[in-house]
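Peer 1: So that you have it, the file is work07.txt, and it contains compact mmCIF, C-alpha atoms and all ligand atoms:
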# COMPACT_ATOMS: atom_id res chain seq x y z
CA MET A 1 -81.26 59.11 8.25
CA ILE A 2 -80.17 56.66 10.96
CA GLU A 3 -79.15 58.26 14.26
CA THR A 4 -77.61 56.55 17.30
CA ASN A 5 -77.86 58.00 20.81
CA HIS A 6 -77.28 56.69 24.31
CA PHE A 7 -79.72 56.85 27.23
CA ILE A 8 -79.03 56.27 30.94
CA GLU A 9 -81.37 53.51 32.11
CA HIS A 10 -83.27 55.44 34.78
CA GLU A 11 -83.93 58.31 32.37
CA LEU A 12 -85.64 56.18 29.69
CA GLU A 13 -89.30 57.01 29.17
CA ARG A 14 -92.17 54.52 29.19
CA HIS A 15 -92.67 54.67 25.43
CA GLN A 16 -88.96 53.91 24.89
CA HIS A 17 -89.20 50.85 27.15
CA ASP A 18 -92.30 49.77 25.21
CA GLU A 19 -90.56 50.09 21.83
CA ILE A 20 -87.45 48.28 23.09
CA THR A 21 -89.70 45.49 24.45
CA ARG A 22 -91.44 45.16 21.08
CA ILE A 23 -88.19 44.96 19.06
CA ARG A 24 -86.54 42.68 21.65
CA ASN A 25 -89.46 40.23 21.71
CA ALA A 26 -89.67 40.12 17.90
CA SER A 27 -85.91 39.49 17.72
CA PHE A 28 -85.68 36.88 20.51
CA PRO A 29 -88.96 34.90 20.20
CA ASP A 30 -87.66 32.18 22.55
CA CYS A 31 -87.25 34.58 25.47
CA CYS A 32 -90.05 37.14 25.32
CA HIS A 33 -90.98 39.25 28.35
CA GLN A 34 -93.40 42.04 29.20
CA ARG A 35 -90.36 44.18 30.04
CA SER A 36 -87.44 45.69 28.16
CA TYR A 37 -84.68 43.44 29.57
CA HIS A 38 -84.07 39.73 30.06
CA LYS A 39 -82.10 39.25 33.30
CA GLN A 40 -81.23 42.63 34.73
CA LEU A 41 -81.47 46.36 33.97
CA PRO A 42 -78.47 47.50 31.90
CA HIS A 43 -76.60 50.67 32.89
CA PHE A 44 -77.48 52.39 29.64
CA ARG A 45 -78.85 51.73 26.16
CA ILE A 46 -77.80 52.77 22.71
CA LEU A 47 -80.80 53.28 20.45
CA ALA A 48 -80.85 53.65 16.67
CA THR A 49 -83.67 55.84 15.36
CA VAL A 50 -85.02 56.79 11.95
CA ALA A 51 -87.19 59.93 11.95
CA GLY A 52 -87.59 59.52 15.72
CA ASP A 53 -88.73 55.87 15.56
CA ILE A 54 -86.59 53.30 17.40
CA VAL A 55 -85.28 50.69 14.92
CA GLY A 56 -82.35 49.19 16.84
CA HIS A 57 -81.18 48.61 20.39
CA LEU A 58 -78.30 47.42 22.51
CA GLY A 59 -77.92 47.49 26.28
CA ILE A 60 -74.59 48.03 28.05
CA ASP A 61 -73.49 46.65 31.40
CA HIS A 62 -70.38 48.59 32.49
CA ARG A 63 -68.42 46.26 34.73
CA MET A 64 -65.06 45.18 36.13
CA ILE A 65 -64.28 41.50 35.51
CA ARG A 66 -61.29 39.30 36.34
CA VAL A 67 -59.36 37.41 33.66
CA GLY A 68 -56.47 35.36 35.08
CA ASP A 69 -54.44 37.82 37.19
CA SER A 70 -55.91 40.96 35.59
CA ALA A 71 -58.90 43.08 36.50
CA ILE A 72 -60.27 44.66 33.31
CA SER A 73 -63.11 47.05 32.57
CA ILE A 74 -65.69 46.08 29.99
CA PHE A 75 -68.83 47.21 28.29
CA GLY A 76 -70.91 43.99 28.25
CA ILE A 77 -73.26 44.12 25.27
CA ILE A 78 -76.79 42.88 25.90
CA ASP A 79 -79.70 42.14 23.55
CA LEU A 80 -78.39 43.71 20.36
CA CYS A 81 -81.40 43.70 18.05
CA VAL A 82 -82.70 45.51 15.00
CA ASP A 83 -86.32 45.77 13.84
CA ILE A 84 -86.99 43.03 11.27
CA ASP A 85 -87.84 45.51 8.48
CA SER A 86 -84.67 47.53 9.08
CA ARG A 87 -82.04 44.76 9.00
CA ALA A 88 -79.09 44.50 6.58
CA GLN A 89 -78.73 48.29 6.34
CA GLY A 90 -75.77 48.59 8.70
CA ILE A 91 -77.77 49.48 11.85
CA GLY A 92 -76.37 46.62 13.97
CA SER A 93 -72.83 47.67 12.99
CA LYS A 94 -73.60 51.33 13.76
CA LEU A 95 -74.77 50.40 17.27
CA LEU A 96 -71.55 48.41 17.85
CA THR A 97 -69.44 51.29 16.51
CA ARG A 98 -71.16 53.72 18.87
CA ALA A 99 -70.49 51.36 21.82
CA HIS A 100 -66.84 51.11 20.74
CA ASP A 101 -66.49 54.91 20.42
CA MET A 102 -67.97 55.44 23.89
CA ALA A 103 -65.66 52.77 25.37
CA MET A 104 -62.68 54.42 23.69
CA ARG A 105 -63.58 57.90 25.04
CA HIS A 106 -64.19 56.63 28.57
CA ASN A 107 -61.13 54.39 28.88
CA VAL A 108 -62.94 51.04 28.90
CA ASP A 109 -60.63 48.11 28.09
CA PHE A 110 -62.86 45.72 26.07
CA LEU A 111 -66.30 45.20 24.58
CA LEU A 112 -67.64 41.75 25.50
CA LEU A 113 -70.67 39.78 24.31
CA MET A 114 -72.13 36.30 23.88
CA ALA A 115 -73.15 35.13 20.41
CA SER A 116 -73.80 31.82 18.69
CA ASP A 117 -73.64 33.46 15.23
CA HIS A 118 -70.34 35.30 14.87
CA ARG A 119 -70.74 36.92 11.44
CA LEU A 120 -71.67 40.46 12.51
CA TYR A 121 -69.08 40.52 15.27
CA LYS A 122 -66.16 39.22 13.20
CA LYS A 123 -67.02 41.88 10.63
CA ASN A 124 -66.79 44.44 13.45
CA GLY A 125 -63.43 43.31 14.84
CA PHE A 126 -64.48 40.92 17.65
CA LEU A 127 -62.49 37.73 18.42
CA SER A 128 -63.61 34.55 20.18
CA VAL A 129 -62.53 34.05 23.79
CA ASN A 130 -62.37 30.50 25.18
CA ASP A 131 -61.72 29.62 28.80
CA VAL A 132 -63.32 28.53 32.02
CA CYS A 133 -65.83 31.18 33.05
CA SER A 134 -67.76 31.83 36.25
CA TRP A 135 -70.91 33.92 36.51
CA LEU A 136 -74.02 34.41 38.58
CA ARG A 137 -76.96 32.43 37.18
CA ILE A 138 -80.09 34.60 37.06
CA ASP A 139 -83.51 33.62 35.78
CA ASP A 140 -86.74 35.56 36.18
CA HIS A 141 -85.45 37.76 39.01
CA ARG A 142 -84.00 34.88 41.03
CA ASN A 143 -80.36 33.91 41.37
CA TYR A 144 -79.32 30.26 41.24
CA GLY A 145 -75.76 30.57 42.47
CA VAL A 146 -72.48 30.66 40.62
CA ALA A 147 -71.92 28.63 37.44
CA VAL A 148 -68.39 27.54 36.48
CA GLU A 149 -68.14 26.20 32.93
CA THR A 150 -65.81 26.17 29.97
CA ILE A 151 -67.10 28.59 27.35
CA HIS A 152 -66.56 27.32 23.80
CA ALA A 153 -66.43 30.07 21.20
CA GLU A 154 -69.61 31.83 22.32
CA MET A 155 -67.92 34.69 24.10
CA MET A 156 -66.47 37.40 21.89
CA ALA A 157 -64.30 40.35 22.85
CA LYS A 158 -63.04 43.46 21.06
CA ALA A 159 -60.00 45.28 22.40
CA VAL A 160 -60.57 49.01 22.92
CA ASN A 161 -58.01 50.52 25.31
CA LYS A 162 -55.99 47.32 25.90
CA SER A 163 -54.24 45.52 23.10
CA GLU A 164 -54.68 41.88 24.10
CA TRP A 165 -57.18 39.77 26.01
CA PRO A 166 -55.34 38.42 29.11
CA ASN A 167 -54.79 34.68 29.63
CA GLY A 168 -56.66 32.72 32.25
CA PRO A 169 -60.07 31.90 33.64
CA ILE A 170 -62.78 34.52 33.38
CA ASP A 171 -64.79 35.65 36.41
CA LEU A 172 -67.63 37.87 35.20
CA LEU A 173 -68.26 39.17 38.75
CA GLY A 174 -71.96 39.18 37.93
CA TYR A 175 -74.48 37.71 35.53
CA MET A 176 -73.80 36.47 31.98
CA PHE A 177 -74.86 38.89 29.22
C1 LIG B 1 -77.97 40.47 14.41
C2 LIG B 1 -78.67 41.78 14.01
C3 LIG B 1 -78.66 42.73 15.21
C4 LIG B 1 -77.89 42.43 12.85
O1 LIG B 1 -78.44 43.72 12.60
P1 LIG B 1 -78.28 44.42 11.17
O2 LIG B 1 -78.69 45.83 11.29
O3 LIG B 1 -78.95 43.59 10.13
O4 LIG B 1 -76.68 44.31 10.98
P2 LIG B 1 -75.78 44.93 9.81
O5 LIG B 1 -76.65 45.43 8.72
O6 LIG B 1 -74.81 45.86 10.42
O7 LIG B 1 -74.97 43.65 9.36
C5 LIG B 1 -75.64 42.59 8.70
C6 LIG B 1 -74.79 41.35 8.84
O8 LIG B 1 -74.96 40.76 10.13
C7 LIG B 1 -74.77 39.34 10.02
N1 LIG B 1 -75.90 38.71 10.70
C8 LIG B 1 -77.17 38.51 10.27
N2 LIG B 1 -77.91 37.93 11.23
C9 LIG B 1 -77.08 37.74 12.28
C10 LIG B 1 -77.24 37.16 13.58
N3 LIG B 1 -78.43 36.69 14.02
N4 LIG B 1 -76.17 37.16 14.41
C11 LIG B 1 -74.97 37.63 14.03
N5 LIG B 1 -74.75 38.16 12.78
C12 LIG B 1 -75.79 38.23 11.95
C13 LIG B 1 -74.67 39.00 8.56
O9 LIG B 1 -73.30 38.85 8.24
C14 LIG B 1 -75.21 40.24 7.89
O10 LIG B 1 -74.61 40.46 6.67
P3 LIG B 1 -75.38 39.96 5.35
O11 LIG B 1 -76.71 40.65 5.38
O12 LIG B 1 -74.47 40.43 4.26
O13 LIG B 1 -75.49 38.48 5.47
C15 LIG B 1 -80.13 41.51 13.52
O14 LIG B 1 -80.08 40.54 12.49
C16 LIG B 1 -81.05 41.01 14.63
O15 LIG B 1 -81.64 41.81 15.36
N6 LIG B 1 -81.18 39.67 14.75
C17 LIG B 1 -82.06 39.07 15.76
C18 LIG B 1 -81.48 39.24 17.16
C19 LIG B 1 -80.10 38.65 17.30
O16 LIG B 1 -79.82 37.52 16.85
N7 LIG B 1 -79.20 39.45 17.92
C20 LIG B 1 -77.84 39.05 18.16
C21 LIG B 1 -77.74 38.41 19.49
S1 LIG B 1 -76.07 37.96 19.85
Represent the structure contained in this file as structure tokens.
Ligand SMILES: CC(C)(COP(=O)(O)OP(=O)(O)OC[C@H]1O[C@@H](n2cnc3c(N)ncnc32)[C@H](O)[C@@H]1OP(=O)(O)O)[C@@H](O)C(=O)NCCC(=O)NCCS

Peer 2:
Amino acid sequence: MIETNHFIEHELERHQHDEITRIRNASFPDCCHQRSYHKQLPHFRILATVAGDIVGHLGIDHRMIRVGDSAISIFGIIDLCVDIDSRAQGIGSKLLTRAHDMAMRHNVDFLLLMASDHRLYKKNGFLSVNDVCSWLRIDDHRNYGVAVETIHAEMMAKAVNKSEWPNGPIDLLGYMF
């Protein structure tokens, strides 16, 4: 049976970081690291397990961002990945559902993520968001200042406790997920 649970970042154990690192590196071969995150530690993780073994992961950055004249709260979804042998069994969708349920319970306005392949996210109720976006460029524990670029259909949002994504430029008030 597939279970999903959340873990506060500083409470994760070494073996959990190691398993996340393994699944993450297998899933994102172009950006492998000897650590369980790419740019920055997330605030918490949602892990999918089968008989205690980790088979799926997503990180969450809980953040305020600005869109036009509105300040909105988001769960930014980072490094969603499922073990290669466990894909196409609904685990990715279960992880997104768990993130949505937590956002709903804790009054978070939107889920937000970056994706070049939209299939999983459209299936799970996400919509594309296009506008000028600013964010802090981070690479390998160094910041390279603020980027300001038009995002074309890579950013996707799902409304949770707000009904509509506001109009206007997006300031992520931090790094890009
Ligand atoms: C994307 C991913 C997390 C999906 O996990 P999963 O457990 O197989 O997801 P589900 O079983 O809930 O849904 C499967 C559906 O996801 C979609 N999908 C498959 N690969 C995908 C991808 N790389 N990105 C987006 N959607 C994808 C397909 O529509 C698939 O349905 P199909 O099997 O009928 O074609 C998994 O394929 C993965 O880890 N890929 C490598 C890492 C990655 O690309 N992560 C997304 C970063 S934005």

Peer 1: When distances are computed from all atoms listed in the file, which of A:Met155, A:Cys81, A:Val160, A:Ile74 shows the smallest separation from ligand LIG 1 (chain B)?

Peer 2: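 Comparing A:Met155, A:Cys81, A:Val160, A:Ile74 against ligand LIG 1 (chain B), the winner is A:Cys81.
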
Peer 1: Within 9 Å of ligand LIG 1 (chain B), counting all atoms listed in the file: which residues, as an mmCIF file with C-alpha atoms, in the frame of the given file?

Peer 2:
data_model
loop_
_atom_site.group_PDB
_atom_site.id
_atom_site.type_symbol
_atom_site.label_atom_id
_atom_site.label_comp_id
_atom_site.auth_asym_id
_atom_site.auth_seq_id
_atom_site.Cartn_x
_atom_site.Cartn_y
_atom_site.Cartn_z
ATOM 1 C CA ILE A 23 -88.190 44.960 19.060
ATOM 2 C CA ARG A 24 -86.540 42.680 21.650
ATOM 3 C CA ALA A 26 -89.670 40.120 17.900
ATOM 4 C CA SER A 27 -85.910 39.490 17.720
ATOM 5 C CA PHE A 28 -85.680 36.880 20.510
ATOM 6 C CA VAL A 55 -85.280 50.690 14.920
ATOM 7 C CA GLY A 56 -82.350 49.190 16.840
ATOM 8 C CA HIS A 57 -81.180 48.610 20.390
ATOM 9 C CA LEU A 58 -78.300 47.420 22.510
ATOM 10 C CA ILE A 77 -73.260 44.120 25.270
ATOM 11 C CA ILE A 78 -76.790 42.880 25.900
ATOM 12 C CA ASP A 79 -79.700 42.140 23.550
ATOM 13 C CA LEU A 80 -78.390 43.710 20.360
ATOM 14 C CA CYS A 81 -81.400 43.700 18.050
ATOM 15 C CA VAL A 82 -82.700 45.510 15.000
ATOM 16 C CA ASP A 83 -86.320 45.770 13.840
ATOM 17 C CA ILE A 84 -86.990 43.030 11.270
ATOM 18 C CA SER A 86 -84.670 47.530 9.080
ATOM 19 C CA ARG A 87 -82.040 44.760 9.000
ATOM 20 C CA ALA A 88 -79.090 44.500 6.580
ATOM 21 C CA GLN A 89 -78.730 48.290 6.340
ATOM 22 C CA GLY A 90 -75.770 48.590 8.700
ATOM 23 C CA ILE A 91 -77.770 49.480 11.850
ATOM 24 C CA GLY A 92 -76.370 46.620 13.970
ATOM 25 C CA SER A 93 -72.830 47.670 12.990
ATOM 26 C CA LYS A 94 -73.600 51.330 13.760
ATOM 27 C CA LEU A 95 -74.770 50.400 17.270
ATOM 28 C CA LEU A 96 -71.550 48.410 17.850
ATOM 29 C CA LEU A 113 -70.670 39.780 24.310
ATOM 30 C CA MET A 114 -72.130 36.300 23.880
ATOM 31 C CA ALA A 115 -73.150 35.130 20.410
ATOM 32 C CA SER A 116 -73.800 31.820 18.690
ATOM 33 C CA ASP A 117 -73.640 33.460 15.230
ATOM 34 C CA HIS A 118 -70.340 35.300 14.870
ATOM 35 C CA ARG A 119 -70.740 36.920 11.440
ATOM 36 C CA LEU A 120 -71.670 40.460 12.510
ATOM 37 C CA TYR A 121 -69.080 40.520 15.270
ATOM 38 C CA LYS A 122 -66.160 39.220 13.200
ATOM 39 C CA LYS A 123 -67.020 41.880 10.630
ATOM 40 C CA ASN A 124 -66.790 44.440 13.450
#

Peer 1: Which one is closest to Ile54 in chain A: A:Asn130, A:Thr4, A:Ser70, A:Asn143? Count only C-alpha atoms.

Peer 2: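 Under the stated criterion, the closest residue is A:Thr4.
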
Peer 1: For Gly76 in chain A, list every protein, DNA or RNA residue within 12 Å, evaluated using only C-alpha atoms, and leave out those in the same chain fewer than 6 positions away; present the list as a PyMOL selection string.

Peer 2: chain A and resi 42-45+58-65+96+99-100+103+108-114+155-158+172-177

Peer 1: Work out how far CA of His33 in chain A is from CA of His17 in chain A, in Å to one decimal.

Peer 2: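 Between these atoms lies a distance of 11.8 Å.
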
Peer 1: Can you work out the spacing between CA of Gln40 in chain A and CA of Val129 in chain A in Å, to one decimal?

Peer 2: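 Spanning CA of Gln40 in chain A to CA of Val129 in chain A is a straight-line distance of 23.3 Å.
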
Peer 1: Take CA of Ala147 in chain A and CA of Gly125 in chain A and report the distance between them in Å, one decimal.

Peer 2: 28.3 Å

Peer 1: Choose the residue, out of A:Ile2, A:Met102, A:Ala48, A:Val148, that has the smallest atom-to-atom separation from Phe75 in chain A; count only C-alpha atoms.

Peer 2: A:Met102

Peer 1: Which one is closest to Trp135 in chain A: A:Arg66, A:His152, A:Val50, A:Met104? Count all atoms listed in the file.

Peer 2: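 Ranking A:Arg66, A:His152, A:Val50, A:Met104 by distance to Trp135 in chain A, first place goes to A:Arg66.
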
Peer 1: From the options A:Glu149, A:Glu154, A:Asp101, A:Glu3, which residue's atoms come nearest to Leu127 in chain A, counting all atoms listed in the file?

Peer 2: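 Smallest separation from Leu127 in chain A among the options: A:Glu154.
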